>>> print(open('structure.pdb').read())   # PDB, C-alpha atoms (C1' of nucleotides)
ATOM      1  CA  MET X   1    -116.068  57.003 254.217
ATOM      2  CA  PRO X   2    -119.465  58.397 255.171
ATOM      3  CA  THR X   3    -119.007  59.133 258.845
ATOM      4  CA  THR X   4    -115.667  60.510 259.860
ATOM      5  CA  PRO X   5    -113.359  57.591 260.683
ATOM      6  CA  VAL X   6    -113.084  58.920 264.218
ATOM      7  CA  THR X   7    -109.267  59.134 264.021
ATOM      8  CA  PRO X   8    -108.367  58.983 267.715
ATOM      9  CA  ALA X   9    -106.490  62.266 267.481
ATOM     10  CA  ALA X  10    -104.918  61.410 270.809
ATOM     11  CA  ASP X  11    -101.734  60.296 269.088
ATOM     12  CA  PRO X  12     -99.378  63.262 268.826
ATOM     13  CA  TYR X  13     -97.223  61.483 266.290
ATOM     14  CA  SER X  14     -99.909  61.144 263.691
ATOM     15  CA  ALA X  15    -100.216  63.472 260.744
ATOM     16  CA  ALA X  16    -103.916  63.691 261.537
ATOM     17  CA  CYS X  17    -103.190  65.168 264.948
ATOM     18  CA  PRO X  18    -104.948  68.516 265.406
ATOM     19  CA  SER X  19    -101.769  70.087 266.745
ATOM     20  CA  ARG X  20     -99.843  69.027 263.693
ATOM     21  CA  GLN X  21    -102.461  70.387 261.341
ATOM     22  CA  LEU X  22    -102.480  73.710 263.111
ATOM     23  CA  LEU X  23     -98.690  73.917 263.155
ATOM     24  CA  ASP X  24     -98.527  73.057 259.483
ATOM     25  CA  ARG X  25    -100.832  75.966 258.827
ATOM     26  CA  ILE X  26     -99.328  78.661 261.022
ATOM     27  CA  GLY X  27     -95.822  77.437 260.398
ATOM     28  CA  ASP X  28     -95.785  78.753 256.869
ATOM     29  CA  LYS X  29     -94.369  82.099 255.974
ATOM     30  CA  TRP X  30     -97.433  84.331 255.766
ATOM     31  CA  THR X  31    -100.505  82.954 257.520
ATOM     32  CA  VAL X  32     -99.849  84.496 260.915
ATOM     33  CA  LEU X  33     -98.989  87.827 259.338
ATOM     34  CA  VAL X  34    -102.174  87.905 257.304
ATOM     35  CA  LEU X  35    -104.130  86.861 260.367
ATOM     36  CA  GLY X  36    -102.565  89.728 262.247
ATOM     37  CA  VAL X  37    -103.596  92.256 259.632
ATOM     38  CA  LEU X  38    -107.149  90.976 259.516
ATOM     39  CA  THR X  39    -107.420  90.984 263.299
ATOM     40  CA  GLN X  40    -107.519  94.749 263.208
ATOM     41  CA  SER X  41    -110.396  94.997 260.772
ATOM     42  CA  PRO X  42    -111.780  93.600 257.528
ATOM     43  CA  ARG X  43    -109.516  94.404 254.610
ATOM     44  CA  ARG X  44    -109.461  94.403 250.860
ATOM     45  CA  TYR X  45    -107.071  92.213 248.949
ATOM     46  CA  GLY X  46    -104.839  95.079 247.942
ATOM     47  CA  GLU X  47    -104.770  96.455 251.462
ATOM     48  CA  ILE X  48    -103.548  93.175 252.831
ATOM     49  CA  ALA X  49    -100.957  92.951 250.096
ATOM     50  CA  ARG X  50     -99.638  96.376 250.993
ATOM     51  CA  ALA X  51     -99.858  95.792 254.728
ATOM     52  CA  VAL X  52     -97.912  92.575 254.750
ATOM     53  CA  GLU X  53     -95.415  93.879 252.233
ATOM     54  CA  GLY X  54     -93.089  91.301 250.834
ATOM     55  CA  VAL X  55     -95.723  88.732 250.063
ATOM     56  CA  SER X  56     -96.323  87.877 246.421
ATOM     57  CA  GLN X  57     -99.841  87.710 244.995
ATOM     58  CA  LYS X  58     -99.399  84.023 244.605
ATOM     59  CA  MET X  59     -98.600  83.449 248.260
ATOM     60  CA  LEU X  60    -101.152  85.950 249.504
ATOM     61  CA  THR X  61    -103.920  84.364 247.481
ATOM     62  CA  GLN X  62    -102.856  80.899 248.520
ATOM     63  CA  THR X  63    -102.735  81.892 252.164
ATOM     64  CA  LEU X  64    -106.149  83.525 252.002
ATOM     65  CA  ARG X  65    -107.602  80.463 250.267
ATOM     66  CA  HIS X  66    -106.256  78.215 252.966
ATOM     67  CA  LEU X  67    -107.646  80.444 255.686
ATOM     68  CA  GLU X  68    -110.970  80.577 253.898
ATOM     69  CA  ARG X  69    -111.044  76.836 253.501
ATOM     70  CA  ASP X  70    -110.368  76.372 257.193
ATOM     71  CA  GLY X  71    -113.220  78.712 258.016
ATOM     72  CA  MET X  72    -110.953  81.367 259.491
ATOM     73  CA  VAL X  73    -111.848  84.127 257.064
ATOM     74  CA  VAL X  74    -114.822  85.029 254.897
ATOM     75  CA  ARG X  75    -114.266  86.217 251.360
ATOM     76  CA  THR X  76    -116.780  88.624 249.884
ATOM     77  CA  VAL X  77    -116.748  89.625 246.243
ATOM     78  CA  HIS X  78    -118.330  92.933 245.247
ATOM     79  CA  ALA X  79    -119.302  92.941 241.588
ATOM     80  CA  THR X  80    -118.348  96.561 241.051
ATOM     81  CA  VAL X  81    -116.571  97.837 237.977
ATOM     82  CA  PRO X  82    -113.121  97.379 239.376
ATOM     83  CA  VAL X  83    -113.725  94.154 241.220
ATOM     84  CA  ARG X  84    -113.461  94.471 244.950
ATOM     85  CA  VAL X  85    -112.885  91.683 247.415
ATOM     86  CA  ASP X  86    -113.096  91.942 251.182
ATOM     87  CA  TYR X  87    -111.651  89.510 253.657
ATOM     88  CA  GLU X  88    -112.905  89.327 257.201
ATOM     89  CA  LEU X  89    -112.062  87.114 260.128
ATOM     90  CA  THR X  90    -114.679  84.713 261.388
ATOM     91  CA  ASP X  91    -115.211  83.996 265.082
ATOM     92  CA  LEU X  92    -113.006  80.977 264.610
ATOM     93  CA  GLY X  93    -110.258  83.097 263.121
ATOM     94  CA  ARG X  94    -110.528  85.630 265.891
ATOM     95  CA  SER X  95    -110.419  82.950 268.550
ATOM     96  CA  LEU X  96    -106.978  81.962 267.374
ATOM     97  CA  SER X  97    -105.457  85.305 268.203
ATOM     98  CA  GLY X  98    -105.368  84.439 271.899
ATOM     99  CA  PRO X  99    -103.131  81.379 271.608
ATOM    100  CA  LEU X 100    -101.076  83.214 269.028
ATOM    101  CA  ALA X 101    -100.572  86.103 271.435
ATOM    102  CA  VAL X 102     -99.373  83.682 274.100
ATOM    103  CA  LEU X 103     -96.823  82.314 271.702
ATOM    104  CA  GLU X 104     -95.704  85.753 270.659
ATOM    105  CA  ALA X 105     -95.338  86.821 274.267
ATOM    106  CA  TRP X 106     -93.094  83.846 274.930
ATOM    107  CA  ALA X 107     -91.020  84.621 271.861
ATOM    108  CA  VAL X 108     -90.540  88.260 272.797
ATOM    109  CA  GLU X 109     -89.711  87.365 276.359
ATOM    110  CA  HIS X 110     -87.120  84.725 275.538
ATOM    111  CA  ILE X 111     -85.588  85.903 272.285
ATOM    112  CA  ASP X 112     -82.603  87.394 274.107
ATOM    113  CA  VAL X 113     -81.678  84.163 275.833
ATOM    114  CA  ILE X 114     -82.123  82.265 272.594
ATOM    115  CA  GLU X 115     -79.855  84.580 270.665
ATOM    116  CA  GLN X 116     -77.242  84.357 273.403
ATOM    117  CA  ALA X 117     -77.417  80.582 273.219
ATOM    118  CA  ARG X 118     -77.013  80.716 269.462
ATOM    119  CA  ALA X 119     -74.003  82.990 269.712
ATOM    120  CA  ALA X 120     -72.392  80.684 272.273
ATOM    121  CA  TYR X 121     -73.099  77.658 270.105
ATOM    122  CA  ASP X 122     -71.684  79.267 266.991
ATOM    123  CA  ALA X 123     -68.590  80.561 268.778
ATOM    124  CA  PRO X 124     -65.384  78.537 268.523
ATOM    125  CA  ALA X 125     -64.803  75.921 271.233
ATOM    126  CA  PRO X 126     -63.648  77.527 274.477
ATOM    127  CA  GLY X 127     -60.309  76.311 275.864
ATOM    128  CA  GLU X 128     -61.407  73.593 278.206
ATOM    129  CA  GLY X 129     -58.072  71.748 278.204
ATOM    130  CA  SER X 130     -56.970  73.311 281.488
ATOM    131  CA  GLY X 131     -58.828  71.682 284.342
ATOM    132  CA  GLY X 132     -58.987  67.921 284.829
ATOM    133  CA  VAL X 133     -62.238  66.630 283.388
ATOM    134  CA  GLY X 134     -61.419  62.967 283.044
ATOM    135  CA  ASP X 135     -64.199  61.766 285.305
ATOM    136  CA  GLY X 136     -65.833  59.798 282.521
ATOM    137  CA  ARG X 137     -69.245  61.094 283.412
ATOM    138  CA  GLY X 138     -70.142  62.775 280.195
ATOM    139  CA  VAL X 139     -69.230  65.791 278.173
ATOM    140  CA  ARG X 140     -71.514  68.643 277.282
ATOM    141  CA  SER X 141     -71.125  69.649 273.695
ATOM    142  CA  GLY X 142     -70.610  73.348 274.051
ATOM    143  CA  SER X 143     -70.181  74.261 270.408
ATOM    144  CA  ARG X 144     -71.165  72.984 267.032
ATOM    145  CA  PRO X 145     -69.547  69.703 265.879
ATOM    146  CA  SER X 146     -68.353  71.032 262.568
ATOM    147  CA  ARG X 147     -71.142  73.194 261.215
TER     148      ARG X 147
ATOM    149  CA  MET A   1     -72.298  93.623 262.301
ATOM    150  CA  PRO A   2     -70.598  93.641 265.692
ATOM    151  CA  THR A   3     -73.324  95.030 267.866
ATOM    152  CA  THR A   4     -76.768  93.889 266.939
ATOM    153  CA  PRO A   5     -78.221  96.430 264.504
ATOM    154  CA  VAL A   6     -80.988  97.055 266.975
ATOM    155  CA  THR A   7     -83.664  95.787 264.574
ATOM    156  CA  PRO A   8     -86.752  97.322 266.179
ATOM    157  CA  ALA A   9     -88.318  93.893 266.632
ATOM    158  CA  ALA A  10     -91.589  95.733 267.010
ATOM    159  CA  ASP A  11     -92.297  95.243 263.340
ATOM    160  CA  PRO A  12     -94.227  92.001 262.926
ATOM    161  CA  TYR A  13     -93.431  91.941 259.234
ATOM    162  CA  SER A  14     -89.701  91.659 259.658
ATOM    163  CA  ALA A  15     -87.845  88.381 259.360
ATOM    164  CA  ALA A  16     -86.021  89.333 262.550
ATOM    165  CA  CYS A  17     -89.263  89.404 264.501
ATOM    166  CA  PRO A  18     -89.128  87.072 267.513
ATOM    167  CA  SER A  19     -92.508  85.622 266.628
ATOM    168  CA  ARG A  20     -91.346  84.767 263.141
ATOM    169  CA  GLN A  21     -88.218  83.104 264.418
ATOM    170  CA  LEU A  22     -90.201  81.003 266.844
ATOM    171  CA  LEU A  23     -92.738  80.051 264.213
ATOM    172  CA  ASP A  24     -89.992  79.124 261.788
ATOM    173  CA  ARG A  25     -88.621  76.801 264.399
ATOM    174  CA  ILE A  26     -91.772  75.090 265.656
ATOM    175  CA  GLY A  27     -93.354  75.181 262.239
ATOM    176  CA  ASP A  28     -91.101  72.454 260.942
ATOM    177  CA  LYS A  29     -92.124  68.854 260.900
ATOM    178  CA  TRP A  30     -90.443  67.448 264.015
ATOM    179  CA  THR A  31     -89.418  70.050 266.566
ATOM    180  CA  VAL A  32     -92.616  70.087 268.554
ATOM    181  CA  LEU A  33     -92.757  66.309 268.565
ATOM    182  CA  VAL A  34     -89.212  65.993 269.853
ATOM    183  CA  LEU A  35     -89.927  68.671 272.417
ATOM    184  CA  GLY A  36     -92.925  66.678 273.549
ATOM    185  CA  VAL A  37     -90.904  63.528 274.031
ATOM    186  CA  LEU A  38     -88.224  65.325 275.998
ATOM    187  CA  THR A  39     -90.777  67.064 278.173
ATOM    188  CA  GLN A  40     -91.477  63.770 279.865
ATOM    189  CA  SER A  41     -87.879  63.037 280.799
ATOM    190  CA  PRO A  42     -84.320  63.105 279.465
ATOM    191  CA  ARG A  43     -83.860  60.647 276.639
ATOM    192  CA  ARG A  44     -81.154  58.981 274.631
ATOM    193  CA  TYR A  45     -80.879  59.539 270.921
ATOM    194  CA  GLY A  46     -82.214  56.114 270.045
ATOM    195  CA  GLU A  47     -85.099  56.454 272.456
ATOM    196  CA  ILE A  48     -86.205  59.679 270.826
ATOM    197  CA  ALA A  49     -85.876  58.117 267.399
ATOM    198  CA  ARG A  50     -88.133  55.267 268.449
ATOM    199  CA  ALA A  51     -90.561  57.491 270.312
ATOM    200  CA  VAL A  52     -91.148  59.900 267.482
ATOM    201  CA  GLU A  53     -91.260  57.147 264.921
ATOM    202  CA  GLY A  54     -91.197  58.248 261.342
ATOM    203  CA  VAL A  55     -88.374  60.708 261.697
ATOM    204  CA  SER A  56     -85.166  59.988 259.809
ATOM    205  CA  GLN A  57     -81.757  60.217 261.503
ATOM    206  CA  LYS A  58     -81.012  63.212 259.396
ATOM    207  CA  MET A  59     -84.062  65.110 260.514
ATOM    208  CA  LEU A  60     -83.818  64.004 264.127
ATOM    209  CA  THR A  61     -80.198  65.065 264.370
ATOM    210  CA  GLN A  62     -80.893  68.339 262.627
ATOM    211  CA  THR A  63     -83.835  69.063 264.903
ATOM    212  CA  LEU A  64     -81.829  68.260 268.021
ATOM    213  CA  ARG A  65     -78.953  70.449 266.819
ATOM    214  CA  HIS A  66     -81.310  73.340 266.269
ATOM    215  CA  LEU A  67     -82.841  72.902 269.685
ATOM    216  CA  GLU A  68     -79.404  72.680 271.236
ATOM    217  CA  ARG A  69     -78.252  75.777 269.414
ATOM    218  CA  ASP A  70     -81.269  77.682 270.659
ATOM    219  CA  GLY A  71     -80.505  76.603 274.211
ATOM    220  CA  MET A  72     -83.631  74.468 274.502
ATOM    221  CA  VAL A  73     -81.880  71.160 275.102
ATOM    222  CA  VAL A  74     -78.562  70.040 276.510
ATOM    223  CA  ARG A  75     -76.618  67.305 274.781
ATOM    224  CA  THR A  76     -74.409  65.095 276.905
ATOM    225  CA  VAL A  77     -72.005  62.573 275.410
ATOM    226  CA  HIS A  78     -70.968  59.592 277.512
ATOM    227  CA  ALA A  79     -67.665  58.137 276.310
ATOM    228  CA  THR A  80     -68.683  54.549 276.970
ATOM    229  CA  VAL A  81     -67.917  51.663 274.660
ATOM    230  CA  PRO A  82     -71.085  51.969 272.686
ATOM    231  CA  VAL A  83     -71.317  55.734 272.630
ATOM    232  CA  ARG A  84     -74.252  57.092 274.535
ATOM    233  CA  VAL A  85     -75.820  60.516 274.163
ATOM    234  CA  ASP A  86     -78.470  62.011 276.387
ATOM    235  CA  TYR A  87     -80.721  64.931 275.551
ATOM    236  CA  GLU A  88     -82.410  66.927 278.242
ATOM    237  CA  LEU A  89     -84.619  69.992 278.181
ATOM    238  CA  THR A  90     -83.281  73.195 279.676
ATOM    239  CA  ASP A  91     -85.462  75.562 281.688
ATOM    240  CA  LEU A  92     -85.918  77.524 278.494
ATOM    241  CA  GLY A  93     -87.090  74.460 276.663
ATOM    242  CA  ARG A  94     -89.477  73.536 279.435
ATOM    243  CA  SER A  95     -90.876  77.055 279.570
ATOM    244  CA  LEU A  96     -92.080  76.654 276.012
ATOM    245  CA  SER A  97     -94.382  73.792 276.831
ATOM    246  CA  GLY A  98     -96.941  76.158 278.316
ATOM    247  CA  PRO A  99     -97.549  78.236 275.178
ATOM    248  CA  LEU A 100     -97.407  75.055 273.146
ATOM    249  CA  ALA A 101    -100.070  73.504 275.315
ATOM    250  CA  VAL A 102    -102.299  76.544 274.782
ATOM    251  CA  LEU A 103    -101.936  76.127 271.057
ATOM    252  CA  GLU A 104    -102.625  72.439 271.236
ATOM    253  CA  ALA A 105    -105.713  73.025 273.345
ATOM    254  CA  TRP A 106    -107.034  75.431 270.753
ATOM    255  CA  ALA A 107    -106.346  72.960 267.980
ATOM    256  CA  VAL A 108    -108.100  70.114 269.750
ATOM    257  CA  GLU A 109    -111.031  72.305 270.603
ATOM    258  CA  HIS A 110    -111.587  73.670 267.114
ATOM    259  CA  ILE A 111    -110.460  70.881 264.850
ATOM    260  CA  ASP A 112    -114.057  69.745 264.311
ATOM    261  CA  VAL A 113    -115.231  73.125 263.087
ATOM    262  CA  ILE A 114    -112.188  73.429 260.867
ATOM    263  CA  GLU A 115    -112.761  70.071 259.248
ATOM    264  CA  GLN A 116    -116.397  70.911 258.683
ATOM    265  CA  ALA A 117    -115.369  74.156 257.030
ATOM    266  CA  ARG A 118    -112.943  72.282 254.831
ATOM    267  CA  ALA A 119    -115.556  69.771 253.816
ATOM    268  CA  ALA A 120    -117.988  72.573 252.965
ATOM    269  CA  TYR A 121    -115.321  74.381 250.965
ATOM    270  CA  ASP A 122    -114.335  71.315 249.025
ATOM    271  CA  ALA A 123    -117.931  70.313 248.331
ATOM    272  CA  PRO A 124    -119.565  71.363 245.068
ATOM    273  CA  ALA A 125    -121.352  74.708 245.102
ATOM    274  CA  PRO A 126    -124.696  74.421 246.898
ATOM    275  CA  GLY A 127    -127.784  75.498 244.959
ATOM    276  CA  GLU A 128    -128.209  79.052 246.109
ATOM    277  CA  GLY A 129    -130.345  80.060 243.163
ATOM    278  CA  SER A 130    -133.530  79.797 245.188
ATOM    279  CA  GLY A 131    -133.769  82.861 247.395
ATOM    280  CA  GLY A 132    -133.396  86.371 246.059
ATOM    281  CA  VAL A 133    -129.844  87.483 246.583
ATOM    282  CA  GLY A 134    -129.524  90.039 243.846
ATOM    283  CA  ASP A 135    -128.927  92.976 246.129
ATOM    284  CA  GLY A 136    -125.571  93.680 244.583
ATOM    285  CA  ARG A 137    -123.930  93.851 247.955
ATOM    286  CA  GLY A 138    -121.426  91.115 247.542
ATOM    287  CA  VAL A 139    -121.201  87.417 247.157
ATOM    288  CA  ARG A 140    -119.663  85.021 249.611
ATOM    289  CA  SER A 141    -117.528  82.450 247.872
ATOM    290  CA  GLY A 142    -118.917  79.288 249.364
ATOM    291  CA  SER A 143    -116.789  76.782 247.539
ATOM    292  CA  ARG A 144    -113.433  76.574 245.902
ATOM    293  CA  PRO A 145    -112.931  78.553 242.673
ATOM    294  CA  SER A 146    -111.651  75.643 240.614
ATOM    295  CA  ARG A 147    -109.800  73.311 242.907
TER     296      ARG A 147
ATOM    297  C1'  DC Z   1    -108.404  95.384 241.068
ATOM    298  C1'  DT Z   2    -108.062  90.628 241.873
ATOM    299  C1'  DG Z   3    -106.383  86.571 240.719
ATOM    300  C1'  DC Z   4    -104.811  82.405 237.970
ATOM    301  C1'  DA Z   5    -101.042  79.965 235.194
ATOM    302  C1'  DT Z   6     -96.434  79.074 234.321
ATOM    303  C1'  DC Z   7     -91.606  78.871 234.836
ATOM    304  C1'  DC Z   8     -87.774  78.516 237.940
ATOM    305  C1'  DG Z   9     -84.571  78.635 241.793
ATOM    306  C1'  DA Z  10     -84.162  77.509 246.820
ATOM    307  C1'  DT Z  11     -84.999  74.592 250.435
ATOM    308  C1'  DA Z  12     -87.050  70.842 253.318
ATOM    309  C1'  DG Z  13     -86.939  66.367 253.968
ATOM    310  C1'  DG Z  14     -86.494  61.119 252.937
ATOM    311  C1'  DA Z  15     -83.463  56.925 251.712
ATOM    312  C1'  DT Z  16     -79.220  54.957 251.759
ATOM    313  C1'  DA Z  17     -74.396  54.074 252.698
ATOM    314  C1'  DC Z  18     -70.509  54.812 255.526
ATOM    315  C1'  DT Z  19     -67.719  56.117 260.058
ATOM    316  C1'  DG Z  20     -65.915  56.548 265.173
TER     317       DG Z  20
ATOM    318  C1'  DC V   1     -75.036  53.633 269.204
ATOM    319  C1'  DA V   2     -74.979  57.948 267.215
ATOM    320  C1'  DG V   3     -74.159  60.261 263.927
ATOM    321  C1'  DT V   4     -72.164  62.211 259.000
ATOM    322  C1'  DA V   5     -72.317  62.497 253.934
ATOM    323  C1'  DT V   6     -74.542  62.054 249.597
ATOM    324  C1'  DC V   7     -78.212  61.739 246.480
ATOM    325  C1'  DC V   8     -82.796  62.643 245.060
ATOM    326  C1'  DT V   9     -87.566  64.246 245.200
ATOM    327  C1'  DA V  10     -91.395  67.191 246.604
ATOM    328  C1'  DT V  11     -92.788  71.291 247.979
ATOM    329  C1'  DC V  12     -92.216  76.298 248.949
ATOM    330  C1'  DG V  13     -92.127  80.504 247.283
ATOM    331  C1'  DG V  14     -90.748  84.449 244.005
ATOM    332  C1'  DA V  15     -91.162  86.655 239.220
ATOM    333  C1'  DT V  16     -93.637  87.276 235.290
ATOM    334  C1'  DG V  17     -97.448  87.266 232.071
ATOM    335  C1'  DC V  18    -102.295  86.953 231.165
ATOM    336  C1'  DA V  19    -107.488  87.367 232.198
ATOM    337  C1'  DG V  20    -112.201  88.607 234.127
TER     338       DG V  20
END
>>> encode(input="structure.pdb", output="structure tokens")
Amino acid sequence: MPTTPVTPAADPYSAACPSRQLLDRIGDKWTVLVLGVLTQSPRRYGEIARAVEGVSQKMLTQTLRHLERDGMVVRTVHATVPVRVDYELTDLGRSLSGPLAVLEAWAVEHIDVIEQARAAYDAPAPGEGSGGVGDGRGVRSGSRPSR
Amino acid sequence: MPTTPVTPAADPYSAACPSRQLLDRIGDKWTVLVLGVLTQSPRRYGEIARAVEGVSQKMLTQTLRHLERDGMVVRTVHATVPVRVDYELTDLGRSLSGPLAVLEAWAVEHIDVIEQARAAYDAPAPGEGSGGVGDGRGVRSGSRPSR
DNA sequence: CTGCATCCGATAGGATACTG
DNA sequence: CAGTATCCTATCGGATGCAG
């Protein structure tokens, strides 16, 4: 496979779809958080670990490796006595913050409605046995089937 | 917890953060795909199953239930002889397509650079022993550490 | 300090069989 | 047709221990 096999990439239902690849990456537990920390300024490994708080070394390292592999961050090792490693966003990494901000804005703006919907869905079925509904047109499932 | 414990929601590193909740939802394997299918028009269960292609009933049903719970889709059951169920996006669900499109645009636009970066990362270390780099300032890790 | 290796529990997700 | 239930595997992710 010398030249890239083109891969249409126009098919949203393919695993090779750019959207899917991006979602697989940012959908994990830490990537976006790490990206957020690095957006502010370059950071050392330990700083990121402390900033994100809750992430294990394993996951932090894995996340950083993935970001590095994708060309989103640059890893610089300083051969000092206590080893020091800096991570810095690349232009590519920085360019992602825009779309991410859009998504975050949507989330913040609609979280209330979502949580209301969840509460309504989780609540026990409302008494709908009063009015006549036998029109055979269809029934909205207001609450969870069984859970 | 009767009244919501407030949960600042301003802390990006909390599991209760709106952004995290959204990412947890769209980060899974099928949600965005199902959303995409429904964006076009209301669909029956079987139609979605065929359109997404590759999704199992289990996952499709689970995804639809999640979307319904979050108030993104409305599920309507028609009590006909062969049962018929329609799924339709709500205004909330439709409003998400914008941010999603932004993300997709970014992915499509940068996928080439990302794949190049990946190829470079996966490739064996390039011979950088030529030029003088012994300034002790730091070394960029050009390729993967071991795998 | 930074990170890799290993063990281990939790969860996501696929295949299959069965039901209203 | 539209699910539900069960089983099983792969992966995710945390804890711990070791190393350069």
>>> residues_around(input="structure.pdb", residues="Tyr87 (chain X)", least_positions_apart="5", cutoff="8 Å", atoms="all atoms listed in the file", output="PyMOL selection string")
chain X and resi 38+42-45+73-76
>>> resolve_selection(input="structure.pdb", expression="the PyMOL selection byres ((chain V) within 9 of (chain A))", output="PyMOL selection string")
chain V and resi 1-4
>>> write_last_selection(input="structure.pdb", atoms="C-alpha atoms (C1' of nucleotides)", output="PDB file, in the coordinates of the input")
ATOM      1  C1'  DC V   1     -75.036  53.633 269.204  1.00  0.00           C
ATOM      2  C1'  DA V   2     -74.979  57.948 267.215  1.00  0.00           C
ATOM      3  C1'  DG V   3     -74.159  60.261 263.927  1.00  0.00           C
ATOM      4  C1'  DT V   4     -72.164  62.211 259.000  1.00  0.00           C
TER       5       DT V   4
END
>>> resolve_selection(input="structure.pdb", expression="the PyMOL selection byres ((chain Z) within 9 of (chain A))", output="PyMOL selection string")
chain Z and resi 12-15
>>> atom_distance(input="structure.pdb", atom1="CA of Gly71 (chain A)", atom2="CA of Gln40 (chain A)")
17.8 Å
>>> interface_residues(input="structure.pdb", of="chain X", to="chain A", cutoff="6 Å", atoms="all atoms listed in the file", output="PyMOL selection string")
chain X and resi 18-19+23+27+69-71+75-78+99+102-104+107-108+114+117-118+121+138-140
>>> resolve_selection(input="structure.pdb", expression="the PyMOL selection byres ((chain Z and resi 9) around 12)", output="list in words")
DC7, DC8, DA10 and DT11 of chain Z; DC12, DG13, DG14 and DA15 of chain V
>>> atom_distance(input="structure.pdb", atom1="CA of Arg50 (chain X)", atom2="CA of Gln62 (chain X)")
16.0 Å
>>> atom_distance(input="structure.pdb", atom1="C1' of DC18 (chain V)", atom2="C1' of DA5 (chain Z)")
8.2 Å
>>> axis_aligned_box(input="structure.pdb", around="region 105-120 of chain A", padding_each_side="4 Å", output="lines of an AutoDock Vina configuration file")
center_x = -111.9
center_y = 72.6
center_z = 263.2
size_x = 20.3
size_y = 13.7
size_z = 28.4
